[in-house]
$ cat upload_26.txt   # compact mmCIF, C-alpha atoms and all ligand atoms
# COMPACT_ATOMS: atom_id res chain seq x y z
CA MET A 844 -12.40 -7.12 -15.93
CA PRO A 845 -10.38 -10.10 -14.60
CA LEU A 846 -7.23 -9.79 -12.48
CA VAL A 847 -4.40 -8.42 -14.64
CA THR A 848 -0.65 -8.84 -14.71
CA SER A 849 1.59 -5.85 -14.00
CA THR A 850 2.93 -5.69 -17.58
CA GLU A 851 0.80 -2.80 -18.85
CA MET A 852 0.92 -0.99 -15.49
CA PHE A 853 4.72 -1.02 -15.54
CA LYS A 854 4.98 0.08 -19.18
CA LYS A 855 2.84 3.14 -18.46
CA ALA A 856 4.51 3.83 -15.11
CA TYR A 857 7.99 3.70 -16.65
CA ALA A 858 7.01 6.04 -19.46
CA GLY A 859 5.11 8.37 -17.12
CA GLY A 860 7.74 8.60 -14.38
CA TYR A 861 5.50 7.30 -11.60
CA ALA A 862 5.20 4.05 -9.62
CA ILE A 863 2.45 1.57 -8.81
CA GLY A 864 1.73 0.96 -5.12
CA ALA A 865 2.11 -2.65 -4.05
CA PHE A 866 0.32 -3.05 -0.74
CA ASN A 867 0.41 -6.18 1.45
CA VAL A 868 -2.96 -7.64 2.41
CA ASN A 869 -3.91 -10.04 5.19
CA ASN A 870 -7.58 -9.31 5.91
CA MET A 871 -10.79 -7.88 4.47
CA GLU A 872 -10.66 -4.45 6.09
CA THR A 873 -7.16 -3.78 4.75
CA ILE A 874 -8.18 -4.83 1.24
CA GLN A 875 -11.28 -2.64 1.41
CA GLY A 876 -9.40 0.39 2.73
CA ILE A 877 -6.78 0.14 -0.05
CA VAL A 878 -9.35 -0.45 -2.77
CA GLU A 879 -11.67 2.37 -1.64
CA ALA A 880 -8.70 4.75 -1.86
CA ALA A 881 -7.64 3.49 -5.29
CA LYS A 882 -11.21 3.59 -6.57
CA GLU A 883 -11.64 7.24 -5.59
CA GLU A 884 -8.24 8.11 -7.05
CA ARG A 885 -8.59 5.93 -10.17
CA ALA A 886 -5.24 4.26 -9.47
CA PRO A 887 -4.05 0.87 -10.73
CA LEU A 888 -3.16 -1.48 -7.88
CA ILE A 889 -0.95 -4.37 -6.93
CA LEU A 890 -2.24 -6.31 -3.92
CA GLN A 891 0.39 -8.66 -2.57
CA VAL A 892 0.23 -11.71 -0.37
CA SER A 893 3.23 -12.99 1.60
CA ALA A 894 3.78 -16.55 2.81
CA GLY A 895 2.77 -15.26 6.25
CA ALA A 896 -0.46 -13.80 4.84
CA ARG A 897 -1.25 -17.12 3.14
CA LYS A 898 -0.75 -18.92 6.42
CA TYR A 899 -2.83 -16.39 8.37
CA ALA A 900 -5.78 -15.89 6.02
CA ASN A 901 -5.70 -18.80 3.53
CA PRO A 902 -4.81 -17.89 -0.10
CA THR A 903 -8.27 -18.90 -1.35
CA TYR A 904 -9.98 -16.40 0.94
CA LEU A 905 -7.52 -13.68 -0.05
CA LYS A 906 -7.92 -14.42 -3.75
CA LYS A 907 -11.72 -14.32 -3.52
CA MET A 908 -11.63 -11.03 -1.61
CA VAL A 909 -9.30 -9.53 -4.22
CA GLU A 910 -11.66 -10.75 -6.96
CA ALA A 911 -14.48 -9.01 -5.10
CA ALA A 912 -12.34 -5.86 -5.10
CA VAL A 913 -12.03 -6.08 -8.90
CA ILE A 914 -15.81 -6.40 -9.27
CA ASP A 915 -16.47 -3.59 -6.80
CA SER A 916 -13.90 -1.15 -8.21
CA GLY A 917 -13.56 -1.99 -11.90
CA LEU A 918 -9.86 -1.17 -11.46
CA PRO A 919 -6.93 -3.02 -13.01
CA ILE A 920 -5.69 -5.07 -10.05
CA CYS A 921 -2.72 -7.45 -10.06
CA LEU A 922 -2.57 -10.21 -7.42
CA HIS A 923 1.05 -10.83 -6.52
CA LEU A 924 2.92 -13.35 -4.36
CA ASP A 925 5.37 -11.39 -2.18
CA HIS A 926 8.74 -12.97 -1.30
CA GLY A 927 8.10 -16.47 -2.60
CA ASP A 928 11.15 -18.41 -1.46
CA THR A 929 10.63 -21.76 -3.21
CA PHE A 930 9.57 -23.00 -6.63
CA GLU A 931 6.69 -24.89 -4.98
CA LEU A 932 5.25 -21.76 -3.35
CA CYS A 933 5.43 -19.85 -6.65
CA LYS A 934 3.90 -22.79 -8.54
CA ASP A 935 1.05 -23.04 -6.05
CA SER A 936 0.31 -19.31 -6.44
CA VAL A 937 0.39 -19.57 -10.25
CA ASP A 938 -1.88 -22.64 -10.11
CA ASN A 939 -4.29 -20.75 -7.85
CA GLY A 940 -4.77 -17.76 -10.14
CA PHE A 941 -2.21 -15.21 -8.94
CA THR A 942 -1.20 -13.03 -11.89
CA SER A 943 2.31 -12.24 -10.62
CA VAL A 944 4.82 -13.98 -8.36
CA MET A 945 8.07 -12.98 -6.73
CA ILE A 946 10.80 -15.56 -6.45
CA ASP A 947 13.15 -14.22 -3.81
CA ALA A 948 16.34 -16.22 -4.15
CA SER A 949 18.52 -13.25 -3.24
CA HIS A 950 20.03 -15.12 -0.28
CA HIS A 951 21.44 -17.77 -2.65
CA SER A 952 24.56 -17.41 -4.79
CA PHE A 953 24.26 -15.47 -8.07
CA GLU A 954 24.24 -18.74 -10.06
CA GLU A 955 21.64 -20.40 -7.82
CA ASN A 956 19.50 -17.27 -7.90
CA ILE A 957 19.59 -17.40 -11.72
CA ALA A 958 18.76 -21.13 -11.83
CA LEU A 959 15.79 -20.91 -9.45
CA THR A 960 14.43 -17.70 -10.98
CA LYS A 961 14.69 -19.23 -14.47
CA LYS A 962 12.72 -22.28 -13.35
CA VAL A 963 9.93 -20.10 -11.91
CA VAL A 964 9.88 -17.90 -15.02
CA ALA A 965 9.49 -20.95 -17.30
CA TYR A 966 6.55 -22.25 -15.26
CA ALA A 967 4.86 -18.86 -14.80
CA HIS A 968 5.28 -17.54 -18.35
CA ALA A 969 3.80 -20.72 -19.82
CA ARG A 970 0.64 -19.83 -17.84
CA GLY A 971 0.53 -16.08 -18.52
CA VAL A 972 1.91 -15.06 -15.12
CA VAL A 973 4.71 -12.52 -14.65
CA VAL A 974 7.71 -12.86 -12.32
CA GLU A 975 9.66 -10.50 -10.06
CA ALA A 976 13.09 -11.51 -8.76
CA GLU A 977 15.62 -9.91 -6.43
CA LEU A 978 19.31 -9.17 -6.77
CA GLY A 979 21.25 -7.85 -3.80
CA ARG A 980 20.45 -8.37 -0.17
CA LEU A 981 17.86 -5.99 1.25
CA ALA A 982 18.91 -5.01 4.72
CA GLY A 983 18.96 -2.05 7.05
CA VAL A 984 21.99 0.07 6.32
CA GLU A 985 22.61 0.17 10.07
CA ASP A 986 23.26 -3.58 9.95
CA ALA A 987 26.44 -3.02 7.97
CA VAL A 988 29.38 -2.51 10.23
CA ASN A 989 31.87 -1.27 7.68
CA VAL A 990 31.73 0.09 4.17
CA SER A 991 32.70 -3.05 2.31
CA ASP A 992 30.12 -5.17 4.18
CA LYS A 993 27.57 -2.48 3.53
CA ASP A 994 28.37 -2.38 -0.18
CA ALA A 995 28.16 -6.17 -0.36
CA ALA A 996 24.45 -6.00 0.49
CA PHE A 997 23.68 -3.54 -2.29
CA THR A 998 22.79 -4.70 -5.77
CA ARG A 999 25.80 -4.80 -8.08
CA PRO A 1000 24.88 -3.00 -11.32
CA ASP A 1001 27.43 -5.09 -13.26
CA GLU A 1002 25.30 -8.20 -12.57
CA VAL A 1003 21.87 -7.00 -13.64
CA GLU A 1004 22.06 -7.46 -17.43
CA GLU A 1005 23.33 -11.03 -17.15
CA PHE A 1006 20.67 -11.82 -14.52
CA VAL A 1007 17.77 -10.41 -16.53
CA THR A 1008 18.93 -11.93 -19.82
CA LYS A 1009 19.57 -15.39 -18.39
CA THR A 1010 16.36 -15.57 -16.33
CA GLY A 1011 13.86 -13.77 -18.58
CA VAL A 1012 12.37 -12.18 -15.46
CA ASP A 1013 9.81 -9.35 -15.86
CA SER A 1014 10.88 -7.01 -13.06
CA LEU A 1015 13.75 -6.79 -10.62
CA ALA A 1016 13.85 -5.79 -6.95
CA ILE A 1017 17.14 -4.15 -6.06
CA ALA A 1018 18.82 -3.22 -2.80
CA ILE A 1019 19.76 0.46 -2.59
CA GLY A 1020 19.46 0.99 1.16
CA THR A 1021 15.78 0.55 1.92
CA SER A 1022 14.86 -2.01 4.55
CA HIS A 1023 11.84 -3.98 5.75
CA GLY A 1024 9.88 -3.09 8.88
CA ALA A 1025 9.23 0.06 10.88
CA PHE A 1026 12.60 0.21 12.64
CA LYS A 1027 14.71 0.69 9.55
CA PHE A 1028 17.11 3.41 10.50
CA LYS A 1029 18.80 4.96 13.49
CA THR A 1030 19.94 7.98 11.51
CA ALA A 1031 18.63 9.64 8.35
CA PRO A 1032 18.97 7.13 5.50
CA ARG A 1033 20.92 7.74 2.34
CA LEU A 1034 19.59 5.70 -0.56
CA ARG A 1035 22.08 4.75 -3.27
CA PHE A 1036 20.53 6.60 -6.18
CA ASP A 1037 23.82 6.16 -8.01
CA ILE A 1038 23.16 2.39 -8.10
CA LEU A 1039 19.57 2.94 -9.24
CA GLU A 1040 20.79 5.24 -12.00
CA GLU A 1041 23.45 2.78 -13.18
CA VAL A 1042 20.93 -0.11 -13.16
CA GLY A 1043 18.55 2.08 -15.19
CA LYS A 1044 21.27 2.74 -17.78
CA ARG A 1045 22.07 -0.95 -18.09
CA LEU A 1046 18.40 -2.01 -18.31
CA PRO A 1047 16.65 0.71 -20.33
CA GLY A 1048 12.86 0.46 -20.13
CA PHE A 1049 13.01 -2.34 -17.55
CA PRO A 1050 10.84 -2.03 -14.41
CA ILE A 1051 12.66 -1.90 -11.07
CA VAL A 1052 11.02 -2.70 -7.73
CA LEU A 1053 11.67 -1.10 -4.36
CA HIS A 1054 10.94 -3.17 -1.25
CA GLY A 1055 11.05 -1.89 2.31
CA ALA A 1056 9.59 1.46 1.27
CA SER A 1057 7.43 2.35 4.25
CA SER A 1058 8.00 5.88 5.50
CA VAL A 1059 6.86 5.20 9.07
CA PRO A 1060 4.63 8.29 9.50
CA GLN A 1061 5.54 9.98 12.75
CA GLU A 1062 1.90 10.86 13.46
CA PHE A 1063 1.21 7.10 13.76
CA VAL A 1064 4.27 6.58 15.99
CA LYS A 1065 2.96 9.36 18.24
CA ILE A 1066 -0.56 7.89 18.51
CA ILE A 1067 0.71 4.34 19.09
CA ASN A 1068 3.07 5.59 21.81
CA GLU A 1069 0.38 7.78 23.37
CA PHE A 1070 -2.08 4.89 23.65
CA GLY A 1071 0.00 2.22 25.29
CA GLY A 1072 2.32 1.09 22.49
CA ASN A 1073 6.04 1.58 22.13
CA MET A 1074 7.42 2.43 18.71
CA ALA A 1075 9.92 4.95 19.99
CA GLY A 1076 12.70 5.46 17.45
CA ALA A 1077 10.80 3.96 14.51
CA GLN A 1078 11.91 5.70 11.30
CA GLY A 1079 11.36 5.00 7.63
CA VAL A 1080 12.29 6.09 4.13
CA PRO A 1081 11.57 9.80 3.55
CA GLU A 1082 8.81 10.23 0.99
CA ASP A 1083 10.92 12.61 -1.09
CA MET A 1084 13.28 9.71 -1.79
CA LEU A 1085 10.37 7.55 -2.94
CA ARG A 1086 9.19 10.34 -5.26
CA GLN A 1087 12.67 10.50 -6.73
CA ALA A 1088 12.83 6.71 -7.19
CA ALA A 1089 9.39 6.72 -8.85
CA SER A 1090 10.56 9.36 -11.32
CA MET A 1091 13.46 7.07 -12.28
CA SER A 1092 13.14 3.39 -13.26
CA VAL A 1093 11.26 2.24 -10.13
CA CYS A 1094 7.77 1.13 -11.23
CA LYS A 1095 6.64 -0.80 -8.11
CA ILE A 1096 6.95 0.43 -4.54
CA ASN A 1097 6.18 -2.05 -1.71
CA ILE A 1098 4.41 -0.75 1.37
CA ASP A 1099 3.29 -2.89 4.29
CA SER A 1100 4.50 -1.47 7.62
CA ASP A 1101 2.83 1.94 7.13
CA LEU A 1102 -0.54 0.21 6.69
CA ARG A 1103 0.01 -1.96 9.76
CA MET A 1104 0.78 1.18 11.74
CA ALA A 1105 -2.32 2.99 10.44
CA PHE A 1106 -4.47 0.02 11.49
CA THR A 1107 -2.83 -0.36 14.90
CA ALA A 1108 -2.84 3.37 15.72
CA SER A 1109 -6.57 3.47 15.03
CA VAL A 1110 -7.38 0.38 17.12
CA ARG A 1111 -5.24 1.51 20.07
CA LYS A 1112 -6.84 4.96 20.07
CA TYR A 1113 -10.31 3.48 19.74
CA PHE A 1114 -9.98 1.22 22.77
CA ALA A 1115 -8.37 3.93 24.88
CA GLU A 1116 -11.33 6.18 24.13
CA ASN A 1117 -14.03 3.47 24.21
CA PRO A 1118 -12.97 0.93 26.83
CA THR A 1119 -16.41 -0.68 27.12
CA HIS A 1120 -16.98 -1.36 23.40
CA PHE A 1121 -16.67 -4.91 22.12
CA ASP A 1122 -18.30 -5.06 18.66
CA PRO A 1123 -15.38 -5.62 16.22
CA ARG A 1124 -17.10 -3.47 13.59
CA GLN A 1125 -16.76 -0.48 15.88
CA TYR A 1126 -12.95 -0.60 15.85
CA LEU A 1127 -12.33 -2.32 12.49
CA GLY A 1128 -14.35 0.36 10.67
CA PRO A 1129 -12.12 3.24 11.80
CA ALA A 1130 -9.03 1.09 11.13
CA ARG A 1131 -10.25 0.56 7.55
CA ALA A 1132 -10.83 4.30 7.20
CA ASN A 1133 -7.30 5.00 8.42
CA ILE A 1134 -5.89 2.53 5.85
CA LYS A 1135 -7.86 4.35 3.17
CA ALA A 1136 -6.45 7.72 4.22
CA ILE A 1137 -2.80 6.61 4.23
CA VAL A 1138 -3.17 4.81 0.89
CA LYS A 1139 -4.77 7.91 -0.68
CA HIS A 1140 -1.83 9.94 0.54
CA LYS A 1141 0.62 7.45 -0.99
CA LEU A 1142 -1.19 7.25 -4.33
CA VAL A 1143 -1.58 11.01 -4.75
CA GLU A 1144 1.38 12.57 -2.95
CA VAL A 1145 4.11 9.94 -3.23
CA LEU A 1146 3.66 7.42 -6.04
CA GLY A 1147 2.03 9.70 -8.61
CA CYS A 1148 -0.29 6.95 -9.88
CA ALA A 1149 -3.63 8.67 -9.15
CA GLY A 1150 -5.73 8.97 -12.32
CA LYS A 1151 -3.65 6.36 -14.17
CA ALA A 1152 -6.13 3.44 -14.08
O1 LIG A 1201 8.34 -7.91 3.12
C1 LIG A 1201 7.60 -8.50 3.89
C2 LIG A 1201 6.20 -8.05 4.05
O2 LIG A 1201 6.14 -6.90 4.86
C3 LIG A 1201 5.34 -9.16 4.54
O3 LIG A 1201 5.54 -9.40 5.89
O4 LIG A 1201 5.96 -11.85 6.06
O5 LIG A 1201 5.08 -10.54 8.02
O6 LIG A 1201 3.62 -11.00 6.03
P1 LIG A 1201 5.02 -10.80 6.54
P1 LIG A 1202 7.89 -2.19 4.51
O1 LIG A 1202 8.16 -3.04 5.71
O2 LIG A 1202 8.86 -1.04 4.46
O3 LIG A 1202 6.49 -1.75 4.43
O4 LIG A 1202 8.21 -3.08 3.20
C1 LIG A 1202 7.23 -3.93 2.68
C2 LIG A 1202 7.77 -4.85 1.64
O5 LIG A 1202 8.84 -4.68 1.10
C3 LIG A 1202 6.92 -5.99 1.25
O6 LIG A 1202 7.57 -6.85 0.37
ZN ZN A 1203 9.70 -6.95 0.65
$ encode --input "upload_26.txt" --output "structure tokens"
Amino acid sequence: MPLVTSTEMFKKAYAGGYAIGAFNVNNMETIQGIVEAAKEERAPLILQVSAGARKYANPTYLKKMVEAAVIDSGLPICLHLDHGDTFELCKDSVDNGFTSVMIDASHHSFEENIALTKKVVAYAHARGVVVEAELGRLAGVEDAVNVSDKDAAFTRPDEVEEFVTKTGVDSLAIAIGTSHGAFKFKTAPRLRFDILEEVGKRLPGFPIVLHGASSVPQEFVKIINEFGGNMAGAQGVPEDMLRQAASMSVCKINIDSDLRMAFTASVRKYFAENPTHFDPRQYLGPARANIKAIVKHKLVEVLGCAGKA
């Protein structure tokens, strides 16, 4: 089976009230850990590559490793560009065999966001590639000083129909209070499910994407802190909220920070316990196993996509 787009995955996820996990990848061990988990759980997958990942690992290497994952697993896997910020970056990803791209023009005006997204959609659709866009500014809710500023960062439901109709985009990332990174919140977050519900009513059957969805497992915070790191105060999105979002119109849930933490917790612990070891396989192997364990947990307990491949 070749790489697939997310079209069929999202149709089934929307109808079934679950979400597909979209995991960021930068290296072989992370890809293998994710894919081993998905293979055992028979889960469809989105593997996503950011501009930073392209710079770090080279998109050709990443693409070839993801193709190897398809051969090894036989799973439907979509290769997605995460947070593409220019037409050129999206075009390059389409030209190099990615099956999905995100054009993130959410920092531009509504009109400019439409114009740029439309241009990417025209190029991508002509080549069988699907497009995700973003409306609203994804930020930590703690960044907003007062209510009106805070509301300004959320997606405005009254804009979504015009945006989707004018751009022809295939999925839409919205801002309902999630945030990127491991230090998202100082107090318990409150996601704006009212916005998600209203968007769902205005775009029936249309797949919504949630970025910044890491939960920041406290067992990883504890290990990292115990073995020389400092992630004191790191807090994420409670998994119950992700389950709720997945049961609504959210079909794609983006997770990166939790996997980074799994990897780092394992490596820190390994070196603390084995200070004389120096063969990278000795610490990368356990890190890969820890990635596998957290991804299994997400697929089975949070996203609900196990057995859906
Ligand atoms: O949303 C951003 C992703 O977590 C990717 O992060 O740009 O550091 O690769 P990155
Ligand atoms: P986290 O930082 O919460 O893992 O979000 C990842 C993400 O949104 C990638 O696009
Ligand atoms: Zn993101």
$ residues_near_point --input "upload_26.txt" --point "(-17.8, -3.9, -1.7)" --cutoff "12 Å" --atoms "all atoms listed in the file" --output "list in words"
Met871, Glu872, Ile874, Gln875, Gly876, Ile877, Val878, Glu879, Lys882, Met908, Val909, Glu910, Ala911, Ala912, Val913, Ile914, Asp915, Ser916 and Gly917 of chain A
$ residues_near_ligand --input "upload_26.txt" --ligand "ligand ZN 1203 (chain A)" --cutoff "7 Å" --atoms "only C-alpha atoms and all ligand atoms" --output "PyMOL selection string"
chain A and resi 925-926+1023+1054-1055+1097
$ residues_around --input "upload_26.txt" --residues "A:Ile1067" --least-positions-apart "2" --cutoff "12 Å" --atoms "all atoms listed in the file" --output "NGL selection string"
:A and (1059-1065 or 1069-1075 or 1077 or 1103-1115)
$ closest_atom_pairs --input "upload_26.txt" --of "stretch 1031-1143 of chain A" --to "stretch 853-859 of chain A" --cutoff "9 Å" --atoms "all atoms listed in the file" --output "CSV"
residue,atom,partner,partner_atom,distance
A:Gly1048,CA,A:Tyr857,CA,6.8
A:Phe1049,CA,A:Tyr857,CA,7.9
A:Pro1050,CA,A:Phe853,CA,6.3
A:Ala1089,CA,A:Ala856,CA,8.4
A:Ser1090,CA,A:Gly859,CA,8.0
A:Met1091,CA,A:Tyr857,CA,7.8
A:Ser1092,CA,A:Tyr857,CA,6.2
A:Val1093,CA,A:Tyr857,CA,7.4
A:Cys1094,CA,A:Phe853,CA,5.7
A:Lys1095,CA,A:Phe853,CA,7.7
$ residues_around --input "upload_26.txt" --residues "A:Ala976" --least-positions-apart "6" --cutoff "9 Å" --atoms "all atoms listed in the file" --output "number ranges by chain"
A: 926, 944-949, 956, 960, 1012-1017
$ write_last_selection --input "upload_26.txt" --atoms "C-alpha atoms" --output "PDB file, in the frame of the given file"
ATOM      1  CA  HIS A 926       8.740 -12.970  -1.300  1.00  0.00           C
ATOM      2  CA  VAL A 944       4.820 -13.980  -8.360  1.00  0.00           C
ATOM      3  CA  MET A 945       8.070 -12.980  -6.730  1.00  0.00           C
ATOM      4  CA  ILE A 946      10.800 -15.560  -6.450  1.00  0.00           C
ATOM      5  CA  ASP A 947      13.150 -14.220  -3.810  1.00  0.00           C
ATOM      6  CA  ALA A 948      16.340 -16.220  -4.150  1.00  0.00           C
ATOM      7  CA  SER A 949      18.520 -13.250  -3.240  1.00  0.00           C
ATOM      8  CA  ASN A 956      19.500 -17.270  -7.900  1.00  0.00           C
ATOM      9  CA  THR A 960      14.430 -17.700 -10.980  1.00  0.00           C
ATOM     10  CA  VAL A1012      12.370 -12.180 -15.460  1.00  0.00           C
ATOM     11  CA  ASP A1013       9.810  -9.350 -15.860  1.00  0.00           C
ATOM     12  CA  SER A1014      10.880  -7.010 -13.060  1.00  0.00           C
ATOM     13  CA  LEU A1015      13.750  -6.790 -10.620  1.00  0.00           C
ATOM     14  CA  ALA A1016      13.850  -5.790  -6.950  1.00  0.00           C
ATOM     15  CA  ILE A1017      17.140  -4.150  -6.060  1.00  0.00           C
TER      16      ILE A1017
END
$ residues_near_ligand --input "upload_26.txt" --ligand "ligand LIG 1201 (chain A)" --cutoff "9 Å" --atoms "all atoms listed in the file" --output "ChimeraX atom specification"
/A:866-869,891-897,899,925-926,1022-1024,1054-1055,1097-1100
$ closest_residue --input "upload_26.txt" --among "A:Gly1150, A:Gly1020, A:Gly1011, A:Pro1118" --to "ligand LIG 1202 (chain A)" --atoms "all atoms listed in the file"
A:Gly1020
$ atom_distance --input "upload_26.txt" --atom1 "atom CA of A:Val963" --atom2 "atom CA of A:Leu905"
22.1 Å
$ closest_residue --input "upload_26.txt" --among "A:Lys898, A:Lys906, A:Lys1027, A:Lys1139" --to "ligand LIG 1202 (chain A)" --atoms "all atoms listed in the file"
A:Lys1027
$ atom_distance --input "upload_26.txt" --atom1 "atom CA of A:Ser1057" --atom2 "atom O3 of ligand LIG 1202 (chain A)"
4.2 Å
$ closest_residue --input "upload_26.txt" --among "A:Leu959, A:Gly971, A:Pro902, A:Ala862" --to "A:Asp935" --atoms "only C-alpha atoms"
A:Pro902
$ residues_around --input "upload_26.txt" --residues "A:Ala1031" --least-positions-apart "2" --cutoff "10 Å" --atoms "all atoms listed in the file" --output "ChimeraX atom specification"
/A:1027-1029,1033-1034,1078-1081
$ atom_distance --input "upload_26.txt" --atom1 "atom CA of A:Ala1056" --atom2 "atom O3 of ligand LIG 1202 (chain A)"
5.5 Å
$ axis_aligned_box --input "upload_26.txt" --around "ligand LIG 1202 (chain A)" --padding-each-side "6 Å" --output "lines of an AutoDock Vina configuration file"
center_x = 7.7
center_y = -3.9
center_z = 3.0
size_x = 14.4
size_y = 17.8
size_z = 17.3
$ closest_residue --input "upload_26.txt" --among "A:Val1003, A:Ala880, A:Met844, A:Ile1096" --to "ligand LIG 1202 (chain A)" --atoms "all atoms listed in the file"
A:Ile1096
$ closest_residue --input "upload_26.txt" --among "A:Leu1102, A:Ala996, A:Met1084, A:Val1145" --to "ligand LIG 1202 (chain A)" --atoms "only C-alpha atoms and all ligand atoms"
A:Leu1102
$ closest_residue --input "upload_26.txt" --among "A:Leu1142, A:Ala965, A:Ala865, A:Ala881" --to "ligand LIG 1202 (chain A)" --atoms "only C-alpha atoms and all ligand atoms"
A:Ala865
$ residues_around --input "upload_26.txt" --residues "A:Pro1000" --least-positions-apart "2" --cutoff "10 Å" --atoms "only C-alpha atoms" --output "PyMOL selection string"
chain A and resi 978-979+997-998+1002-1004+1017+1037-1046
$ decode --input "upload_26.txt" --residues "stretch 858-894 of chain A" --atoms "C-alpha atoms" --output "tab-separated table (two decimals), in the first residue's frame"
chain	number	residue	atom	x	y	z
A	858	ALA	CA	-18.64	8.89	11.64
A	859	GLY	CA	-17.15	6.75	14.42
A	860	GLY	CA	-16.62	9.53	16.98
A	861	TYR	CA	-12.88	8.99	17.33
A	862	ALA	CA	-9.73	10.82	16.20
A	863	ILE	CA	-6.56	9.94	14.31
A	864	GLY	CA	-3.26	10.56	16.10
A	865	ALA	CA	-0.92	12.91	14.28
A	866	PHE	CA	2.53	12.44	15.74
A	867	ASN	CA	5.57	14.60	14.92
A	868	VAL	CA	8.66	12.74	13.72
A	869	ASN	CA	12.30	13.81	13.58
A	870	ASN	CA	14.29	10.57	13.74
A	871	MET	CA	14.17	6.83	13.10
A	872	GLU	CA	13.59	5.67	16.67
A	873	THR	CA	10.56	7.93	17.08
A	874	ILE	CA	9.07	6.71	13.80
A	875	GLN	CA	9.68	3.09	14.79
A	876	GLY	CA	8.20	3.51	18.27
A	877	ILE	CA	5.03	5.12	16.88
A	878	VAL	CA	4.65	2.58	14.09
A	879	GLU	CA	5.24	-0.45	16.34
A	880	ALA	CA	2.44	0.81	18.60
A	881	ALA	CA	0.07	1.45	15.69
A	882	LYS	CA	0.89	-1.90	14.12
A	883	GLU	CA	0.03	-3.79	17.30
A	884	GLU	CA	-3.14	-1.75	17.75
A	885	ARG	CA	-4.14	-1.76	14.06
A	886	ALA	CA	-4.50	2.03	14.07
A	887	PRO	CA	-4.35	4.37	11.06
A	888	LEU	CA	-1.61	6.97	11.43
A	889	ILE	CA	-0.62	10.48	10.46
A	890	LEU	CA	3.12	11.10	10.72
A	891	GLN	CA	3.92	14.78	10.50
A	892	VAL	CA	7.06	16.70	9.69
A	893	SER	CA	7.59	20.32	10.74
A	894	ALA	CA	9.92	22.83	9.07
